[in-house]
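Next comes model_19.pdb, with PDB, C-alpha atoms, pLDDT in the B column.
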```pdb
ATOM      1  CA  MET A   1      33.527  10.707  86.350  1.00 43.00           C
ATOM      2  CA  ALA A   2      35.283  13.855  85.118  1.00 49.00           C
ATOM      3  CA  ALA A   3      36.619  16.140  87.829  1.00 56.00           C
ATOM      4  CA  ILE A   4      37.339  19.852  87.484  1.00 66.00           C
ATOM      5  CA  LYS A   5      38.281  22.579  89.924  1.00 77.00           C
ATOM      6  CA  ILE A   6      35.347  24.739  90.952  1.00 79.00           C
ATOM      7  CA  HIS A   7      34.357  26.992  93.867  1.00 80.00           C
ATOM      8  CA  CYS A   8      32.326  25.212  96.561  1.00 84.00           C
ATOM      9  CA  PRO A   9      29.525  27.365  98.067  1.00 82.00           C
ATOM     10  CA  SER A  10      29.771  25.434 101.352  1.00 84.00           C
ATOM     11  CA  CYS A  11      33.462  25.335 102.325  1.00 89.00           C
ATOM     12  CA  LYS A  12      34.300  28.352 100.118  1.00 87.00           C
ATOM     13  CA  LYS A  13      37.287  26.595  98.612  1.00 85.00           C
ATOM     14  CA  THR A  14      38.205  26.007  95.009  1.00 87.00           C
ATOM     15  CA  THR A  15      38.873  22.332  94.617  1.00 82.00           C
ATOM     16  CA  TYR A  16      38.206  19.322  92.462  1.00 81.00           C
ATOM     17  CA  THR A  17      34.558  18.364  92.245  1.00 79.00           C
ATOM     18  CA  ARG A  18      32.970  15.206  90.959  1.00 76.00           C
ATOM     19  CA  SER A  19      30.186  15.368  88.374  1.00 76.00           C
ATOM     20  CA  ILE A  20      26.844  14.140  89.764  1.00 76.00           C
ATOM     21  CA  PRO A  21      23.738  13.547  87.582  1.00 73.00           C
ATOM     22  CA  THR A  22      21.074  16.082  88.562  1.00 69.00           C
ATOM     23  CA  TYR A  23      18.422  13.396  89.009  1.00 68.00           C
ATOM     24  CA  LYS A  24      20.590  11.757  91.685  1.00 67.00           C
ATOM     25  CA  ILE A  25      20.882  15.071  93.528  1.00 66.00           C
ATOM     26  CA  TYR A  26      17.108  15.330  93.498  1.00 59.00           C
ATOM     27  CA  GLN A  27      16.698  11.745  94.744  1.00 61.00           C
ATOM     28  CA  ASN A  28      19.247  12.082  97.564  1.00 56.00           C
ATOM     29  CA  THR A  29      18.746  15.668  98.762  1.00 55.00           C
ATOM     30  CA  ASN A  30      15.424  16.778  97.263  1.00 52.00           C
ATOM     31  CA  GLU A  31      17.410  19.529  95.544  1.00 52.00           C
ATOM     32  CA  GLY A  32      18.394  19.796  91.934  1.00 46.00           C
ATOM     33  CA  ASP A  33      14.997  19.129  90.413  1.00 52.00           C
ATOM     34  CA  PRO A  34      15.772  17.997  86.830  1.00 50.00           C
ATOM     35  CA  LYS A  35      13.485  20.792  85.622  1.00 52.00           C
ATOM     36  CA  ALA A  36      15.865  23.277  87.251  1.00 53.00           C
ATOM     37  CA  ARG A  37      18.774  22.014  85.216  1.00 54.00           C
ATOM     38  CA  LEU A  38      17.902  24.319  82.329  1.00 58.00           C
ATOM     39  CA  LEU A  39      18.402  28.056  82.861  1.00 58.00           C
ATOM     40  CA  CYS A  40      17.407  30.848  80.507  1.00 62.00           C
ATOM     41  CA  ASN A  41      17.842  34.579  80.266  1.00 63.00           C
ATOM     42  CA  SER A  42      14.870  36.494  81.693  1.00 63.00           C
ATOM     43  CA  LYS A  43      14.532  38.728  78.607  1.00 71.00           C
ATOM     44  CA  HIS A  44      15.380  36.198  75.911  1.00 68.00           C
ATOM     45  CA  ALA A  45      14.124  32.723  76.711  1.00 65.00           C
ATOM     46  CA  ASP A  46      15.997  31.131  73.810  1.00 69.00           C
ATOM     47  CA  ILE A  47      19.348  32.106  75.360  1.00 70.00           C
ATOM     48  CA  LEU A  48      19.729  29.168  77.699  1.00 68.00           C
ATOM     49  CA  TRP A  49      22.284  26.872  79.274  1.00 67.00           C
ATOM     50  CA  TYR A  50      22.516  23.807  81.505  1.00 65.00           C
ATOM     51  CA  ARG A  51      23.574  23.424  85.116  1.00 70.00           C
ATOM     52  CA  ARG A  52      25.558  20.453  86.357  1.00 74.00           C
ATOM     53  CA  GLY A  53      25.527  18.590  89.630  1.00 78.00           C
ATOM     54  CA  ARG A  54      28.842  18.701  91.542  1.00 82.00           C
ATOM     55  CA  GLU A  55      30.219  17.077  94.718  1.00 82.00           C
ATOM     56  CA  CYS A  56      32.984  18.894  96.622  1.00 85.00           C
ATOM     57  CA  GLN A  57      35.917  16.565  97.318  1.00 85.00           C
ATOM     58  CA  ILE A  58      36.782  18.444 100.531  1.00 89.00           C
ATOM     59  CA  CYS A  59      33.488  18.845 102.410  1.00 89.00           C
ATOM     60  CA  GLY A  60      31.277  16.467 100.434  1.00 83.00           C
ATOM     61  CA  LYS A  61      28.706  19.183  99.624  1.00 83.00           C
ATOM     62  CA  ILE A  62      26.530  18.350  96.626  1.00 79.00           C
ATOM     63  CA  PHE A  63      25.345  21.394  94.680  1.00 77.00           C
ATOM     64  CA  LEU A  64      24.293  22.689  91.286  1.00 75.00           C
ATOM     65  CA  SER A  65      26.677  24.805  89.264  1.00 74.00           C
ATOM     66  CA  ALA A  66      25.996  26.777  86.086  1.00 66.00           C
ATOM     67  CA  GLU A  67      29.669  26.493  85.062  1.00 60.00           C
ATOM     68  CA  LEU A  68      29.363  29.326  82.606  1.00 63.00           C
ATOM     69  CA  ASP A  69      31.000  32.735  82.599  1.00 63.00           C
ATOM     70  CA  GLU A  70      28.208  35.292  83.090  1.00 66.00           C
ATOM     71  CA  SER A  71      30.022  37.751  80.824  1.00 75.00           C
ATOM     72  CA  PHE A  72      29.445  35.315  77.968  1.00 72.00           C
ATOM     73  CA  ILE A  73      25.684  35.434  78.548  1.00 72.00           C
ATOM     74  CA  GLU A  74      25.786  39.225  78.880  1.00 80.00           C
ATOM     75  CA  GLU A  75      27.601  39.448  75.563  1.00 83.00           C
ATOM     76  CA  LEU A  76      24.964  37.258  73.902  1.00 80.00           C
ATOM     77  CA  VAL A  77      22.196  39.463  75.316  1.00 82.00           C
ATOM     78  CA  GLN A  78      23.932  42.612  74.051  1.00 87.00           C
ATOM     79  CA  LEU A  79      24.279  41.080  70.606  1.00 86.00           C
ATOM     80  CA  ARG A  80      20.606  40.124  70.666  1.00 85.00           C
ATOM     81  CA  GLU A  81      19.653  43.714  71.544  1.00 89.00           C
ATOM     82  CA  LEU A  82      21.672  44.942  68.549  1.00 90.00           C
ATOM     83  CA  VAL A  83      19.864  42.424  66.341  1.00 89.00           C
ATOM     84  CA  ILE A  84      16.516  43.724  67.610  1.00 92.00           C
ATOM     85  CA  GLU A  85      17.471  47.329  66.798  1.00 94.00           C
ATOM     86  CA  ARG A  86      18.567  46.295  63.312  1.00 93.00           C
ATOM     87  CA  ASN A  87      15.427  44.225  62.746  1.00 94.00           C
ATOM     88  CA  ILE A  88      13.138  47.064  63.804  1.00 95.00           C
ATOM     89  CA  ARG A  89      14.773  49.382  61.257  1.00 94.00           C
ATOM     90  CA  ILE A  90      14.368  46.779  58.514  1.00 93.00           C
ATOM     91  CA  ILE A  91      10.767  46.058  59.506  1.00 94.00           C
ATOM     92  CA  ARG A  92       9.854  49.746  59.349  1.00 93.00           C
ATOM     93  CA  ARG A  93      11.188  49.862  55.801  1.00 92.00           C
ATOM     94  CA  ILE A  94       9.329  46.676  54.885  1.00 92.00           C
ATOM     95  CA  LYS A  95       6.011  47.946  56.235  1.00 90.00           C
ATOM     96  CA  ARG A  96       6.516  51.263  54.490  1.00 90.00           C
ATOM     97  CA  ASN A  97       7.462  49.893  51.075  1.00 88.00           C
ATOM     98  CA  ILE A  98       6.064  46.370  50.705  1.00 89.00           C
ATOM     99  CA  HIS A  99       2.367  46.281  49.908  1.00 88.00           C
ATOM    100  CA  TRP A 100       1.537  42.616  49.406  1.00 91.00           C
ATOM    101  CA  ILE A 101       2.005  41.767  53.093  1.00 90.00           C
ATOM    102  CA  LYS A 102      -0.843  44.196  53.832  1.00 87.00           C
ATOM    103  CA  TYR A 103      -3.361  42.476  51.572  1.00 82.00           C
ATOM    104  CA  ASP A 104      -6.423  41.157  53.359  1.00 74.00           C
ATOM    105  CA  GLU A 105      -9.140  40.077  50.939  1.00 73.00           C
ATOM    106  CA  LYS A 106      -8.194  42.003  47.805  1.00 86.00           C
ATOM    107  CA  VAL A 107      -5.075  40.966  45.916  1.00 93.00           C
ATOM    108  CA  PRO A 108      -4.340  43.075  42.801  1.00 94.00           C
ATOM    109  CA  GLU A 109      -4.630  41.168  39.535  1.00 96.00           C
ATOM    110  CA  ASP A 110      -1.137  42.069  38.350  1.00 96.00           C
ATOM    111  CA  PHE A 111       0.446  40.695  41.535  1.00 96.00           C
ATOM    112  CA  ALA A 112      -1.626  37.497  41.369  1.00 97.00           C
ATOM    113  CA  LYS A 113      -0.528  36.970  37.765  1.00 98.00           C
ATOM    114  CA  SER A 114       3.130  37.646  38.574  1.00 98.00           C
ATOM    115  CA  PHE A 115       2.881  35.087  41.368  1.00 98.00           C
ATOM    116  CA  ILE A 116       1.566  32.417  38.985  1.00 98.00           C
ATOM    117  CA  ARG A 117       4.183  33.237  36.344  1.00 98.00           C
ATOM    118  CA  ALA A 118       6.862  32.591  38.941  1.00 98.00           C
ATOM    119  CA  CYS A 119       5.653  29.206  40.191  1.00 98.00           C
ATOM    120  CA  ALA A 120       3.461  27.470  37.570  1.00 98.00           C
ATOM    121  CA  TRP A 121       4.913  24.478  35.724  1.00 97.00           C
ATOM    122  CA  TRP A 122       3.855  22.160  32.948  1.00 93.00           C
ATOM    123  CA  ASP A 123       5.228  19.061  34.645  1.00 87.00           C
ATOM    124  CA  LYS A 124       4.585  16.613  31.829  1.00 76.00           C
ATOM    125  CA  HIS A 125       5.450  18.769  28.833  1.00 75.00           C
ATOM    126  CA  PRO A 126       5.369  17.140  25.354  1.00 77.00           C
ATOM    127  CA  SER A 127       9.123  17.778  25.126  1.00 78.00           C
ATOM    128  CA  GLY A 128       9.622  15.200  27.858  1.00 75.00           C
ATOM    129  CA  PHE A 129      11.025  17.757  30.284  1.00 82.00           C
ATOM    130  CA  PRO A 130       9.213  19.917  32.850  1.00 89.00           C
ATOM    131  CA  ALA A 131       8.713  23.459  31.566  1.00 94.00           C
ATOM    132  CA  ARG A 132       7.593  26.684  33.151  1.00 95.00           C
ATOM    133  CA  ALA A 133       4.019  27.658  32.344  1.00 96.00           C
ATOM    134  CA  PRO A 134       3.797  31.455  32.731  1.00 96.00           C
ATOM    135  CA  ARG A 135       0.735  31.639  30.483  1.00 96.00           C
ATOM    136  CA  HIS A 136      -1.326  29.965  33.199  1.00 97.00           C
ATOM    137  CA  ALA A 137      -1.439  33.467  34.670  1.00 98.00           C
ATOM    138  CA  ASP A 138      -3.808  34.467  31.862  1.00 98.00           C
ATOM    139  CA  ASN A 139      -6.323  31.863  33.066  1.00 97.00           C
ATOM    140  CA  ILE A 140      -6.934  33.191  36.565  1.00 98.00           C
ATOM    141  CA  TYR A 141     -10.369  34.597  37.288  1.00 97.00           C
ATOM    142  CA  LEU A 142     -11.966  36.474  40.161  1.00 95.00           C
ATOM    143  CA  SER A 143     -14.244  34.383  42.353  1.00 92.00           C
ATOM    144  CA  SER A 144     -16.749  36.183  44.566  1.00 86.00           C
ATOM    145  CA  TYR A 145     -15.863  33.849  47.436  1.00 87.00           C
ATOM    146  CA  TYR A 146     -12.194  32.921  47.056  1.00 92.00           C
ATOM    147  CA  GLY A 147     -10.740  35.869  45.180  1.00 93.00           C
ATOM    148  CA  TRP A 148      -8.315  34.976  42.383  1.00 96.00           C
ATOM    149  CA  VAL A 149      -8.590  31.341  41.310  1.00 98.00           C
ATOM    150  CA  LEU A 150      -6.767  29.129  38.807  1.00 98.00           C
ATOM    151  CA  GLU A 151      -8.589  25.951  37.801  1.00 97.00           C
ATOM    152  CA  PHE A 152      -6.768  22.696  37.152  1.00 96.00           C
ATOM    153  CA  GLY A 153      -9.411  20.170  36.097  1.00 92.00           C
ATOM    154  CA  ALA A 154     -11.526  19.267  39.128  1.00 93.00           C
ATOM    155  CA  ASN A 155      -9.371  21.281  41.537  1.00 97.00           C
ATOM    156  CA  LYS A 156      -8.941  24.991  42.071  1.00 98.00           C
ATOM    157  CA  PHE A 157      -5.741  26.661  43.188  1.00 98.00           C
ATOM    158  CA  LEU A 158      -6.829  29.606  45.335  1.00 98.00           C
ATOM    159  CA  VAL A 159      -4.240  32.142  44.221  1.00 98.00           C
ATOM    160  CA  GLY A 160      -5.586  35.030  46.272  1.00 96.00           C
ATOM    161  CA  LYS A 161      -5.935  32.926  49.419  1.00 96.00           C
ATOM    162  CA  ALA A 162      -2.416  31.537  48.982  1.00 97.00           C
ATOM    163  CA  ILE A 163      -0.979  35.065  48.851  1.00 97.00           C
ATOM    164  CA  ILE A 164      -3.039  36.346  51.790  1.00 96.00           C
ATOM    165  CA  ARG A 165      -2.193  33.347  53.973  1.00 96.00           C
ATOM    166  CA  SER A 166       1.464  33.704  53.068  1.00 97.00           C
ATOM    167  CA  ALA A 167       1.241  37.366  54.073  1.00 95.00           C
ATOM    168  CA  ASN A 168      -0.110  36.287  57.465  1.00 95.00           C
ATOM    169  CA  VAL A 169       2.860  33.934  57.864  1.00 96.00           C
ATOM    170  CA  VAL A 170       5.338  36.666  56.932  1.00 96.00           C
ATOM    171  CA  ASN A 171       3.725  39.136  59.332  1.00 95.00           C
ATOM    172  CA  THR A 172       4.010  36.619  62.173  1.00 95.00           C
ATOM    173  CA  TYR A 173       7.711  36.156  61.431  1.00 95.00           C
ATOM    174  CA  ILE A 174       8.175  39.931  61.264  1.00 95.00           C
ATOM    175  CA  GLU A 175       6.535  40.372  64.667  1.00 94.00           C
ATOM    176  CA  ASN A 176       8.830  37.721  66.128  1.00 92.00           C
ATOM    177  CA  ALA A 177      11.890  39.313  64.529  1.00 93.00           C
ATOM    178  CA  ALA A 178      11.002  42.611  66.221  1.00 93.00           C
ATOM    179  CA  LYS A 179      11.252  40.758  69.553  1.00 89.00           C
ATOM    180  CA  GLY A 180      14.661  39.328  68.713  1.00 86.00           C
ATOM    181  CA  THR A 181      13.710  35.914  67.372  1.00 86.00           C
ATOM    182  CA  LEU A 182      16.261  34.731  64.824  1.00 85.00           C
ATOM    183  CA  ILE A 183      14.657  34.199  61.417  1.00 91.00           C
ATOM    184  CA  ARG A 184      15.952  31.383  59.233  1.00 93.00           C
ATOM    185  CA  LYS A 185      15.025  31.458  55.578  1.00 95.00           C
ATOM    186  CA  ASN A 186      14.434  27.716  55.243  1.00 96.00           C
ATOM    187  CA  GLU A 187      11.942  27.816  58.131  1.00 96.00           C
ATOM    188  CA  LEU A 188      10.054  30.705  56.526  1.00 97.00           C
ATOM    189  CA  VAL A 189      10.029  28.934  53.147  1.00 97.00           C
ATOM    190  CA  ASN A 190       8.517  25.838  54.796  1.00 97.00           C
ATOM    191  CA  ALA A 191       5.883  27.909  56.607  1.00 98.00           C
ATOM    192  CA  ILE A 192       4.898  29.735  53.405  1.00 98.00           C
ATOM    193  CA  SER A 193       4.808  26.431  51.504  1.00 98.00           C
ATOM    194  CA  ASN A 194       2.399  24.959  54.048  1.00 97.00           C
ATOM    195  CA  ALA A 195       0.171  28.036  53.811  1.00 97.00           C
ATOM    196  CA  ILE A 196       0.063  27.695  50.021  1.00 98.00           C
ATOM    197  CA  ALA A 197      -0.612  23.940  50.214  1.00 97.00           C
ATOM    198  CA  GLY A 198      -3.667  24.774  52.322  1.00 96.00           C
ATOM    199  CA  SER A 199      -5.093  26.957  49.547  1.00 97.00           C
ATOM    200  CA  VAL A 200      -6.685  24.422  47.219  1.00 98.00           C
ATOM    201  CA  ALA A 201     -10.395  23.646  46.776  1.00 97.00           C
ATOM    202  CA  ASN A 202     -12.209  20.826  45.019  1.00 95.00           C
ATOM    203  CA  PHE A 203     -14.835  21.023  42.279  1.00 91.00           C
ATOM    204  CA  TYR A 204     -17.529  21.829  44.872  1.00 92.00           C
ATOM    205  CA  ASP A 205     -15.508  24.729  46.330  1.00 92.00           C
ATOM    206  CA  ASP A 206     -14.677  22.806  49.501  1.00 94.00           C
ATOM    207  CA  GLU A 207     -11.166  23.621  50.669  1.00 96.00           C
ATOM    208  CA  TYR A 208      -8.776  20.819  51.456  1.00 94.00           C
ATOM    209  CA  TYR A 209      -7.226  20.981  54.903  1.00 91.00           C
ATOM    210  CA  THR A 210      -3.973  20.661  53.004  1.00 92.00           C
ATOM    211  CA  TYR A 211      -3.224  19.489  49.497  1.00 96.00           C
ATOM    212  CA  PRO A 212      -0.638  16.688  49.060  1.00 96.00           C
ATOM    213  CA  ILE A 213       2.905  17.828  48.348  1.00 96.00           C
ATOM    214  CA  TYR A 214       5.001  15.713  45.990  1.00 95.00           C
ATOM    215  CA  SER A 215       8.671  16.591  45.464  1.00 94.00           C
ATOM    216  CA  GLY A 216       8.005  20.125  46.644  1.00 96.00           C
ATOM    217  CA  GLN A 217       5.063  20.663  44.311  1.00 97.00           C
ATOM    218  CA  LEU A 218       1.284  20.736  44.256  1.00 98.00           C
ATOM    219  CA  GLU A 219       0.472  18.468  41.333  1.00 96.00           C
ATOM    220  CA  PHE A 220      -2.670  18.892  39.246  1.00 96.00           C
ATOM    221  CA  GLY A 221      -2.537  16.285  36.507  1.00 91.00           C
ATOM    222  CA  VAL A 222       0.175  17.377  34.067  1.00 92.00           C
ATOM    223  CA  HIS A 223       0.504  20.779  35.744  1.00 95.00           C
ATOM    224  CA  ALA A 224       2.051  21.845  39.042  1.00 97.00           C
ATOM    225  CA  ILE A 225       2.690  24.733  41.408  1.00 98.00           C
ATOM    226  CA  ASP A 226       6.276  24.708  42.660  1.00 98.00           C
ATOM    227  CA  LEU A 227       6.245  25.710  46.332  1.00 98.00           C
ATOM    228  CA  ALA A 228       9.897  26.762  46.509  1.00 97.00           C
ATOM    229  CA  ASP A 229       9.409  29.047  43.496  1.00 98.00           C
ATOM    230  CA  ALA A 230       6.247  30.485  45.046  1.00 98.00           C
ATOM    231  CA  ALA A 231       7.907  31.157  48.400  1.00 97.00           C
ATOM    232  CA  GLU A 232      11.015  32.624  46.746  1.00 96.00           C
ATOM    233  CA  PHE A 233       8.872  35.017  44.699  1.00 97.00           C
ATOM    234  CA  LEU A 234       7.067  36.263  47.799  1.00 96.00           C
ATOM    235  CA  ILE A 235      10.261  36.592  49.847  1.00 95.00           C
ATOM    236  CA  LYS A 236      12.018  38.527  47.070  1.00 93.00           C
ATOM    237  CA  ASN A 237       9.018  40.841  46.935  1.00 93.00           C
ATOM    238  CA  SER A 238       9.068  41.485  50.676  1.00 89.00           C
ATOM    239  CA  ASP A 239      12.661  42.677  51.288  1.00 86.00           C
ATOM    240  CA  LEU A 240      13.083  40.111  54.068  1.00 91.00           C
ATOM    241  CA  GLU A 241      16.651  39.062  53.258  1.00 88.00           C
ATOM    242  CA  GLY A 242      18.098  41.448  55.835  1.00 89.00           C
ATOM    243  CA  LEU A 243      16.283  39.621  58.650  1.00 92.00           C
ATOM    244  CA  PHE A 244      17.678  36.179  57.921  1.00 91.00           C
ATOM    245  CA  VAL A 245      20.505  34.538  59.856  1.00 82.00           C
TER     246      VAL A 245
END
```
For the structure just supplied, provide its representation as structure tokens.
Amino acid sequence: MAAIKIHCPSCKKTTYTRSIPTYKIYQNTNEGDPKARLLCNSKHADILWYRRGRECQICGKIFLSAELDESFIEELVQLRELVIERNIRIIRRIKRNIHWIKYDEKVPEDFAKSFIRACAWWDKHPSGFPARAPRHADNIYLSSYYGWVLEFGANKFLVGKAIIRSANVVNTYIENAAKGTLIRKNELVNAISNAIAGSVANFYDDEYYTYPIYSGQLEFGVHAIDLADAAEFLIKNSDLEGLFV
């Protein structure tokens, strides 16, 4: 077992201590519940660290030690507070200037078309290579129930629903960022992609719980919606880059 010098709370001496698994402390002394091994900051639960079990080589006292300089945790908390202040400023600007994240049931036609131009593909193009299909945007129509819709054979891509559900995802991430949660772009892209994949209906207007994703796309015969392109379009039109870590 590794031994380091540490202050003993019993004999008050700094001496070598032997590492003891926390579950053994709990078994032998009814202290050191394994659940207590993990500590976290009271304001920011994701700032956390582990405690170790130690046995004093002088008095034999077995105890738990955090073994972490508190100033290090304080510095992390201060940095987190600065991140929160920065995020709040960015979020105010986003809410003031970005309109699509406020859409509820009415998505403007021009935005819906721009969205399709950015992510529609002709996957099995006669040239033999996948090609973008921006003209699919001209085929969207307004459904009384689903909003903007683009039909692909027997299936319907619910353009308006995809945008609105993506807006809900973005707003959730924004709310978390205002509390100090670190936002990673790849996680947001995945969340938006899942929201879009859940925005497809069949011929009878029944929505799929989620539509199958193949190689990052929703495939409809020879056509496809590229989820990474769709998410990138929405992120670029939301000024979120400043929130990412």
field: Residue IDs satisfying the PyMOL selection byres ((chain A and resi 181-195) around 10), as a count of residues only
entry: 50
query: What does the distance from atom CA of Phe115 of chain A to atom CA of Ser143 of chain A come to in Å, to one decimal?
result: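 Calculated distance between atom CA of Phe115 of chain A and atom CA of Ser143 of chain A is 17.2 Å.
Using all atoms listed in the file for every distance, the candidate list A:Asp138, A:Arg86, A:Asn171, A:Tyr16 yields A:Asp138 as the residue closest to Ser114 of chain A.
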task: Select, from A:Thr14, A:Glu219, A:Lys43, A:Thr172, the residue with the minimum atom-to-atom distance to Ile101 of chain A, counting all atoms listed in the file.
output: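 Nearest candidate to Ile101 of chain A out of A:Thr14, A:Glu219, A:Lys43, A:Thr172: A:Thr172.
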- prompt: Please, what distance in Å, to one decimal, runs between atom CA of Ile20 of chain A and atom CA of Glu75 of chain A?
  reply: 29.0 Å
- prompt: Using all atoms listed in the file, which residues sit within 6 Å of Trp121 of chain A once same-chain residues fewer than 3 positions away are excluded, as a PyMOL selection string?
  reply: chain A and resi 131-133+223-224
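If you measure from each of A:Asp239, A:Glu207, A:Glu55, A:Glu74 to Tyr145 of chain A using only C-alpha atoms, the closest one turns out to be A:Glu207.
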- prompt: Can you list, as number ranges by chain, the residues that the PyMOL selection byres ((chain A and resi 201) around 9) selects here?
  reply: A: 154-158, 198-200, 202-208, 211
message: Please report the interatomic distance between atom CA of Cys56 of chain A and atom CA of Ser71 of chain A in Å with one decimal.
response: 24.8 Å
message: Which residues are close to Lys13 of chain A, i.e. within 12 Å by all atoms listed in the file, leaving aside same-chain residues fewer than 2 positions away? Reply as a PyMOL selection string.
response: chain A and resi 5-11+15-17+56-61
query: Using all atoms listed in the file, which residues sit within 8 Å of His136 of chain A once same-chain residues fewer than 4 positions away are excluded, as a list of chain:residue names?
result: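 Listed by chain and then number, they are A:Ile116, A:Arg117, A:Ala120, A:Ile140, A:Leu150.
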